[in-house]
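Student: To start, I am sharing the structure in question, which I have written as C-alpha cells.
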Amino acid sequence: MGGLEYWDTSFSFIDRESGQETFVRLPEMGGGSIIAEGKLPPGSIYTVGTDVTDARLALFLLQTQMNRGSGRIIPLGNLSSKMKEAIKTADAYLKANLKNLGIDHDLKAYDFTIQAINLNQAKEGSETTVAFFISLVSAILEKPVLDRTVVLGEMSVQGMLLKVASLPERMQLAVEAGAKHILIPSENKRDVADVPDAILTAIP
C-alpha cells in the first residue's frame, strides 16, 4: 500500500453462522494513539519531521525545560545536525523578538535543556523549527500547548514560515498517531485540497 491510496480502509470478515463481524488489523493501518489524551507539561509539543536518510516522515515529541543558568541551550541525546540547526534558528528568532512576544525574562539568566523524543525510530527530523520555537516559548511562559496538537513547519531566522513537503502524508501520520489539532504553515493552504476528507474530518 502506498501513501494515501488506501487510507482509512478497514478489512473484516463475517462469520456466516453467528453473523459476527471481525476486523483484521494490518501493519499499514498505523501505530494507533501514540499521542495520548491530556495536556503535556509546558515546553512539550509534537511535530512531524522528515528523515531524509530513510526517505520517510517521523513523529517527534519535543520537550524544553528552563532553569536558572547562564543563557545556554543544552540539547540532550543524539540530535541530528538538522535538528541542532533548527534549535539555533528558533533561539535566534526568539531572542530577537522578545518584546513582540510579550516576554520580559532575561534569557541570559536561564539555561534551556531541549530533548527530541523519537517516536518512530527515525535517524533525523528536519523541518521542525516552528515546533522548537513553540516549545521554547511554552517553557518560558509556563503555559502548555493545547492537548493533542501537532505543529508542522520550518521557519527562517527572521520568522518567515516556509512551506513543508508532503502535507497530506504529514497530516495522515499525525491523525493516525492520535492528533486532534494540527497547525500548518500558511504557505501550505493550497495543499489542504489534496488531503483526504477522512483525515480532515478527524480533526475537530
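All residue names refer to the C-alpha cells as shown: chains lettered A, B, ... in order, residues numbered from 1 in each chain, ligands numbered from 1 in order.
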Using only C-alpha atoms, find each residue of segment 16-108 of chain A with at least one atom at most 12 Å away from an atom of segment 139-157 of chain A; report its shortest atom-to-atom pair and that distance in Å (one decimal), sort the rows by chain and rising residue number, and return the result as a Markdown table.
Tutor:
| residue | atom | partner | partner_atom | distance |
| --- | --- | --- | --- | --- |
| A:Ser33 | CA | A:Arg148 | CA | 10.1 |
| A:Ile34 | CA | A:Arg148 | CA | 9.9 |
| A:Ile35 | CA | A:Arg148 | CA | 6.2 |
| A:Ala36 | CA | A:Arg148 | CA | 7.0 |
| A:Glu37 | CA | A:Arg148 | CA | 6.5 |
| A:Gly38 | CA | A:Asp147 | CA | 5.8 |
| A:Lys39 | CA | A:Asp147 | CA | 4.6 |
| A:Leu40 | CA | A:Pro144 | CA | 6.3 |
| A:Pro41 | CA | A:Pro144 | CA | 5.7 |
| A:Pro42 | CA | A:Pro144 | CA | 4.1 |
| A:Gly43 | CA | A:Ala139 | CA | 4.1 |
| A:Ser44 | CA | A:Pro144 | CA | 7.2 |
| A:Ile45 | CA | A:Val145 | CA | 6.8 |
| A:Tyr46 | CA | A:Val150 | CA | 4.8 |
| A:Thr47 | CA | A:Val151 | CA | 5.0 |
| A:Val48 | CA | A:Leu152 | CA | 6.2 |
| A:Gly49 | CA | A:Leu152 | CA | 8.1 |
| A:Thr50 | CA | A:Gly153 | CA | 10.6 |
| A:Leu57 | CA | A:Leu152 | CA | 11.7 |
| A:Ala58 | CA | A:Leu152 | CA | 11.6 |
| A:Leu59 | CA | A:Val150 | CA | 9.1 |
| A:Phe60 | CA | A:Val150 | CA | 9.4 |
| A:Leu61 | CA | A:Val150 | CA | 9.2 |
| A:Leu62 | CA | A:Val151 | CA | 10.5 |
| A:Gln63 | CA | A:Ala139 | CA | 8.7 |
| A:Thr64 | CA | A:Ala139 | CA | 6.1 |
| A:Gln65 | CA | A:Ala139 | CA | 6.1 |
| A:Met66 | CA | A:Ala139 | CA | 6.3 |
| A:Asn67 | CA | A:Ile140 | CA | 9.7 |
| A:Arg68 | CA | A:Ile140 | CA | 11.6 |
| A:Lys82 | CA | A:Glu154 | CA | 11.2 |
| A:Met83 | CA | A:Glu154 | CA | 11.0 |
| A:Glu85 | CA | A:Val157 | CA | 10.6 |
| A:Ala86 | CA | A:Glu154 | CA | 8.2 |
| A:Ile87 | CA | A:Val157 | CA | 10.6 |
| A:Lys88 | CA | A:Val157 | CA | 8.7 |
| A:Thr89 | CA | A:Val157 | CA | 5.2 |
| A:Ala90 | CA | A:Val157 | CA | 7.1 |
| A:Asp91 | CA | A:Val157 | CA | 8.8 |
| A:Ala92 | CA | A:Val157 | CA | 6.5 |
| A:Tyr93 | CA | A:Val157 | CA | 5.5 |
| A:Leu94 | CA | A:Val157 | CA | 9.2 |
| A:Lys95 | CA | A:Val157 | CA | 10.6 |
| A:Ala96 | CA | A:Val157 | CA | 9.4 |
| A:Asn97 | CA | A:Val157 | CA | 10.9 |
| A:Leu98 | CA | A:Ile140 | CA | 10.7 |
| A:Leu101 | CA | A:Leu141 | CA | 10.2 |
| A:Gly102 | CA | A:Leu141 | CA | 9.5 |
| A:Ile103 | CA | A:Leu141 | CA | 7.7 |
| A:Asp104 | CA | A:Ile140 | CA | 9.8 |
| A:His105 | CA | A:Ile140 | CA | 7.9 |
| A:Asp106 | CA | A:Ile140 | CA | 10.4 |
| A:Leu107 | CA | A:Ile140 | CA | 9.0 |
Student: Quick check for you: according to DSSP on this backbone, which residues of segment 60-163 of chain A are classed as strand (DSSP E)? Reply as a ChimeraX atom specification.
Tutor: /A:60-68,73-75,110-118,149-151,154-155,161-162
Student: Could you jot down the atom CA of Thr128 of chain A to atom CA of Gly159 of chain A separation for me, Å, one decimal place?
Tutor: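 For atom CA of Thr128 of chain A relative to atom CA of Gly159 of chain A, the distance reads 13.3 Å.
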Student: Nearest residue to Thr201 of chain A out of A:Ala116, A:Ala179, A:Leu167, A:Leu79, using only C-alpha atoms?
Tutor: A:Ala179
Student: If you measure from atom CA of Arg72 of chain A to atom CA of Thr53 of chain A, what distance in Å do you get, rounded to one decimal?
Tutor: 29.6 Å
Student: Just list the residues in segment 118-157 of chain A DSSP gives alpha helix (DSSP H) on the backbone, as a compact mmCIF listing (two decimals) with all heavy atoms, in the first residue's frame.
Tutor:
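Final output, selection_35.txt:
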# COMPACT_ATOMS: atom_id res chain seq x y z
N THR A 129 11.60 23.45 12.88
CA THR A 129 11.97 24.68 13.58
C THR A 129 10.80 25.34 14.29
O THR A 129 10.94 25.82 15.42
CB THR A 129 12.59 25.69 12.59
OG1 THR A 129 13.65 25.07 11.88
CG2 THR A 129 13.13 26.91 13.32
N VAL A 130 9.63 25.37 13.66
CA VAL A 130 8.46 26.03 14.27
C VAL A 130 8.11 25.35 15.59
O VAL A 130 7.80 26.00 16.59
CB VAL A 130 7.26 26.02 13.31
CG1 VAL A 130 6.03 26.62 14.00
CG2 VAL A 130 7.57 26.81 12.04
N ALA A 131 8.16 24.03 15.62
CA ALA A 131 7.84 23.30 16.84
C ALA A 131 8.86 23.59 17.95
O ALA A 131 8.49 23.74 19.12
CB ALA A 131 7.79 21.80 16.55
N PHE A 132 10.14 23.69 17.59
CA PHE A 132 11.15 24.03 18.60
C PHE A 132 10.90 25.44 19.15
O PHE A 132 11.05 25.68 20.35
CB PHE A 132 12.56 23.96 18.00
CG PHE A 132 13.15 22.58 17.99
CD1 PHE A 132 13.42 21.91 16.80
CD2 PHE A 132 13.45 21.93 19.19
CE1 PHE A 132 13.96 20.63 16.81
CE2 PHE A 132 13.99 20.65 19.20
CZ PHE A 132 14.24 20.01 18.01
N PHE A 133 10.51 26.36 18.28
CA PHE A 133 10.21 27.72 18.72
C PHE A 133 9.04 27.73 19.71
O PHE A 133 9.11 28.36 20.77
CB PHE A 133 9.90 28.60 17.50
CG PHE A 133 9.40 29.96 17.85
CD1 PHE A 133 10.25 30.92 18.37
CD2 PHE A 133 8.06 30.28 17.68
CE1 PHE A 133 9.78 32.19 18.70
CE2 PHE A 133 7.58 31.54 18.02
CZ PHE A 133 8.44 32.49 18.53
N ILE A 134 7.97 27.03 19.37
CA ILE A 134 6.80 26.98 20.26
C ILE A 134 7.15 26.30 21.57
O ILE A 134 6.69 26.70 22.64
CB ILE A 134 5.63 26.27 19.56
CG1 ILE A 134 5.14 27.12 18.38
CG2 ILE A 134 4.49 25.99 20.53
CD1 ILE A 134 4.03 26.50 17.58
N SER A 135 7.99 25.29 21.51
CA SER A 135 8.43 24.60 22.72
C SER A 135 9.17 25.55 23.65
O SER A 135 8.94 25.56 24.87
CB SER A 135 9.33 23.42 22.34
OG SER A 135 9.83 22.76 23.49
N LEU A 136 10.06 26.38 23.09
CA LEU A 136 10.80 27.36 23.89
C LEU A 136 9.87 28.39 24.53
O LEU A 136 9.95 28.68 25.72
CB LEU A 136 11.83 28.06 23.02
CG LEU A 136 13.09 27.27 22.63
CD1 LEU A 136 13.83 27.95 21.49
CD2 LEU A 136 14.01 27.11 23.84
N VAL A 137 8.95 28.94 23.73
CA VAL A 137 8.02 29.95 24.23
C VAL A 137 7.11 29.37 25.31
O VAL A 137 6.85 30.01 26.34
CB VAL A 137 7.19 30.54 23.07
CG1 VAL A 137 6.11 31.48 23.61
CG2 VAL A 137 8.08 31.29 22.09
N SER A 138 6.64 28.15 25.09
CA SER A 138 5.77 27.49 26.07
C SER A 138 6.49 27.31 27.40
O SER A 138 5.91 27.52 28.47
CB SER A 138 5.32 26.13 25.52
OG SER A 138 4.61 25.39 26.50
N ALA A 139 7.78 26.95 27.34
CA ALA A 139 8.55 26.76 28.56
C ALA A 139 8.77 28.09 29.29
O ALA A 139 8.67 28.15 30.51
CB ALA A 139 9.90 26.11 28.23
N ILE A 140 9.05 29.15 28.53
CA ILE A 140 9.29 30.46 29.14
C ILE A 140 8.03 30.99 29.82
O ILE A 140 8.07 31.50 30.93
CB ILE A 140 9.79 31.46 28.07
CG1 ILE A 140 11.17 31.04 27.56
CG2 ILE A 140 9.85 32.87 28.64
CD1 ILE A 140 11.63 31.82 26.35
N LEU A 141 6.91 30.89 29.12
CA LEU A 141 5.64 31.41 29.65
C LEU A 141 4.99 30.47 30.65
O LEU A 141 3.99 30.83 31.29
CB LEU A 141 4.67 31.69 28.49
CG LEU A 141 5.11 32.72 27.46
CD1 LEU A 141 4.07 32.85 26.37
CD2 LEU A 141 5.38 34.06 28.12
Student: Any idea what's packed within 9 Å of segment 184-199 of chain A, counting only C-alpha atoms, ignoring anything in its chain fewer than 4 positions away? Could you give it as a PyMOL selection string?
Tutor: chain A and resi 4+7-8+150-154+161-169+171-172+175-176+203
Student: Determine the nearest neighbour of Ile73 of chain A from the options A:Val52, A:Ile114, A:Ala109, A:Lys180, counting only C-alpha atoms.
Tutor: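 Counting only C-alpha atoms, the residue closest to Ile73 of chain A is A:Ile114.
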